[in-house]
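Heads up, the thing below is written out as structure tokens.
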Amino acid sequence: MTKVPCESQTSDRNLAAQIRSARSADTAFFPAIERSAGLAFREIPELAWIAYGDDLPPDFHWPLVEAGTCWTAAGCDDRPIGFLSAQIFSGDLHIWELSVRLDRQRLGIGRCLLRAAIHEGRLRNLASVTLTTFRDVPWNAPFYAMHGFLELGGSELDPRLLARLQDEAKRDFPRDQRCAMRLPLQVGDEQ
């Protein structure tokens, strides 16, 4: 099992988290974590509907757990409080979801989950880590940009990412507010 140290921004041991490879049993907690994380969108009136939207079902994550591209942030009782699910596509690790329970946000747990995924991408000699996200939501694109992700536009968008953005638009995500991002993975360029 992969364990990644997580330097949380708290000295309270009860708020600390350990990042580890996700287990199948963890996925039962993921929808509730995603719902809790989504409540942060209530702060943005035009996106508040996301707080009450659909979550990815546990069975979506099972193949990703099996592939070793899903990580859990576990509290001191080993109960999941956050997760990152990703999938490999043609040499890229694509992040489907990164969620941390609302009451555990802004402690560095999301950053630790992201670092675990980036580390795994490098171990597997992948070209990059990709994702789609909201361009102007502080805990979305600006968060990823702080970690070296670059927004892709025009001809930089490959067919897979373009199709993902189009699918999101069909599900009522405002296309003008969404973007695709990419972090190139280069050996020796640890974040």
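As shown in the structure tokens, the chain order sets the letters A, B, ...; within each chain, residues go from 1, and ligands are also counted from 1 in the order they appear.
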Shell around A:Phe30 at 9 Å using only C-alpha atoms, local window under 4 positions removed, as a ChimeraX atom specification: /A:26,34-35,55-58,61,80-83,99
Helix (DSSP H, G or I) call set, DSSP backbone run, stretch 2-179 of chain A, as a ChimeraX atom specification: /A:13-15,24-28,30-43,45-52,58-67,102-104,109-123,141-146,154-156,159-170,175-177
Stretch 41-118 of chain A residues near stretch 159-183 of chain A within 10 Å, closest pair each, using only C-alpha atoms, as a Markdown table:
```
| residue | atom | partner | partner_atom | distance |
| --- | --- | --- | --- | --- |
| A:Glu46 | CA | A:Pro174 | CA | 9.8 |
| A:Leu47 | CA | A:Phe173 | CA | 8.8 |
| A:Ile50 | CA | A:Phe173 | CA | 9.0 |
| A:Phe89 | CA | A:Arg160 | CA | 8.7 |
| A:Ser90 | CA | A:Arg160 | CA | 9.9 |
| A:Asp92 | CA | A:Arg182 | CA | 9.2 |
| A:Leu93 | CA | A:Arg182 | CA | 9.7 |
| A:His94 | CA | A:Arg182 | CA | 9.0 |
| A:Ile118 | CA | A:Leu183 | CA | 8.7 |
```
For the selection you just gave me, I'd like the residues written to a file as an mmCIF file, in the first residue's frame, keeping all heavy atoms.
```cif
data_model
loop_
_atom_site.group_PDB
_atom_site.id
_atom_site.type_symbol
_atom_site.label_atom_id
_atom_site.label_comp_id
_atom_site.auth_asym_id
_atom_site.auth_seq_id
_atom_site.Cartn_x
_atom_site.Cartn_y
_atom_site.Cartn_z
ATOM 1 N N GLU A 46 -24.293 31.660 -8.398
ATOM 2 C CA GLU A 46 -24.605 31.070 -9.706
ATOM 3 C C GLU A 46 -24.170 29.610 -9.828
ATOM 4 O O GLU A 46 -24.583 28.906 -10.755
ATOM 5 C CB GLU A 46 -24.011 31.898 -10.856
ATOM 6 C CG GLU A 46 -22.503 31.925 -10.917
ATOM 7 C CD GLU A 46 -21.848 33.030 -10.089
ATOM 8 O OE1 GLU A 46 -22.512 33.625 -9.210
ATOM 9 O OE2 GLU A 46 -20.659 33.287 -10.311
ATOM 10 N N LEU A 47 -23.357 29.115 -8.883
ATOM 11 C CA LEU A 47 -22.927 27.716 -8.902
ATOM 12 C C LEU A 47 -23.435 26.928 -7.692
ATOM 13 O O LEU A 47 -23.065 25.775 -7.498
ATOM 14 C CB LEU A 47 -21.390 27.632 -8.958
ATOM 15 C CG LEU A 47 -20.732 28.235 -10.191
ATOM 16 C CD1 LEU A 47 -19.216 28.166 -10.085
ATOM 17 C CD2 LEU A 47 -21.214 27.546 -11.459
ATOM 18 N N ILE A 50 -24.502 23.173 -7.593
ATOM 19 C CA ILE A 50 -23.537 22.068 -7.547
ATOM 20 C C ILE A 50 -23.534 21.416 -6.166
ATOM 21 O O ILE A 50 -23.316 20.210 -6.039
ATOM 22 C CB ILE A 50 -22.125 22.564 -7.939
ATOM 23 C CG1 ILE A 50 -22.139 22.964 -9.415
ATOM 24 C CG2 ILE A 50 -21.062 21.507 -7.666
ATOM 25 C CD1 ILE A 50 -20.890 23.657 -9.879
ATOM 26 N N PHE A 89 -5.072 7.696 -19.346
ATOM 27 C CA PHE A 89 -5.493 7.775 -20.746
ATOM 28 C C PHE A 89 -4.271 8.100 -21.585
ATOM 29 O O PHE A 89 -3.714 9.197 -21.466
ATOM 30 C CB PHE A 89 -6.521 8.895 -20.962
ATOM 31 C CG PHE A 89 -7.869 8.652 -20.372
ATOM 32 C CD1 PHE A 89 -8.191 9.187 -19.129
ATOM 33 C CD2 PHE A 89 -8.816 7.913 -21.047
ATOM 34 C CE1 PHE A 89 -9.442 8.985 -18.582
ATOM 35 C CE2 PHE A 89 -10.072 7.692 -20.509
ATOM 36 C CZ PHE A 89 -10.389 8.236 -19.270
ATOM 37 N N SER A 90 -3.836 7.208 -22.419
ATOM 38 C CA SER A 90 -2.763 7.476 -23.391
ATOM 39 C C SER A 90 -1.592 8.269 -22.813
ATOM 40 O O SER A 90 -1.197 9.293 -23.356
ATOM 41 C CB SER A 90 -3.323 8.228 -24.596
ATOM 42 O OG SER A 90 -4.352 7.501 -25.202
ATOM 43 N N ASP A 92 -1.432 9.947 -19.988
ATOM 44 C CA ASP A 92 -1.797 11.018 -19.066
ATOM 45 C C ASP A 92 -2.587 10.427 -17.903
ATOM 46 O O ASP A 92 -3.375 9.495 -18.091
ATOM 47 C CB ASP A 92 -2.689 12.067 -19.744
ATOM 48 C CG ASP A 92 -1.967 12.853 -20.814
ATOM 49 O OD1 ASP A 92 -0.750 13.062 -20.684
ATOM 50 O OD2 ASP A 92 -2.632 13.275 -21.784
ATOM 51 N N LEU A 93 -2.404 10.992 -16.733
ATOM 52 C CA LEU A 93 -3.222 10.648 -15.577
ATOM 53 C C LEU A 93 -4.281 11.735 -15.462
ATOM 54 O O LEU A 93 -3.955 12.902 -15.229
ATOM 55 C CB LEU A 93 -2.370 10.590 -14.306
ATOM 56 C CG LEU A 93 -3.107 10.183 -13.030
ATOM 57 C CD1 LEU A 93 -3.603 8.741 -13.132
ATOM 58 C CD2 LEU A 93 -2.206 10.351 -11.813
ATOM 59 N N HIS A 94 -5.533 11.368 -15.677
ATOM 60 C CA HIS A 94 -6.626 12.344 -15.646
ATOM 61 C C HIS A 94 -7.340 12.271 -14.305
ATOM 62 O O HIS A 94 -7.819 11.215 -13.900
ATOM 63 C CB HIS A 94 -7.624 12.100 -16.775
ATOM 64 C CG HIS A 94 -8.712 13.123 -16.800
ATOM 65 N ND1 HIS A 94 -8.522 14.384 -17.313
ATOM 66 C CD2 HIS A 94 -9.982 13.091 -16.326
ATOM 67 C CE1 HIS A 94 -9.642 15.074 -17.183
ATOM 68 N NE2 HIS A 94 -10.539 14.315 -16.577
ATOM 69 N N ILE A 118 0.409 13.116 -8.486
ATOM 70 C CA ILE A 118 1.548 13.563 -9.298
ATOM 71 C C ILE A 118 2.720 12.604 -9.127
ATOM 72 O O ILE A 118 3.374 12.217 -10.113
ATOM 73 C CB ILE A 118 1.937 15.012 -8.920
ATOM 74 C CG1 ILE A 118 0.822 15.975 -9.334
ATOM 75 C CG2 ILE A 118 3.270 15.404 -9.551
ATOM 76 C CD1 ILE A 118 0.960 17.381 -8.753
#
```
Pairwise distance for atom CA of A:Asp158 and atom CA of A:Val65, rounded to one decimal in Å: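 Calculated distance between atom CA of A:Asp158 and atom CA of A:Val65 is 25.7 Å.
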Nearby residues (only C-alpha atoms) at most 10 Å from stretch 67-70 of chain A, same-chain spacing under 6 positions excluded, as an NGL selection string: :A and (1-2 or 20-24 or 27 or 61 or 83-88 or 93-98 or 113 or 116-117 or 120-121)
Strand (DSSP E) positions in stretch 21-177 of chain A, given as an MDAnalysis selection string: chainID A and resid 21 70:74 80:89 92:100 128:134 150:152
Close residues, A:Leu39 itself excluded, 12 Å, only C-alpha atoms, min 6 positions apart in chain, as a list in words: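 Here the answer would be Ala32, Ile33, Pro45, Leu47, Ala48, Trp49, Ile50, Ala51, Tyr52, Gly53, Ser99, Val100, Arg101, Leu102, Asp103 and Gln105 of chain A.
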Interatomic distance (Å, one decimal) between atom CA of A:Thr132 and atom CA of A:Arg79: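 Here the two named atoms are 27.5 Å from each other.
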Atom pair atom CA of A:Arg104 / atom CA of A:Val137: separation (Å):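 Atom CA of A:Val137 lies 18.3 Å from atom CA of A:Arg104.
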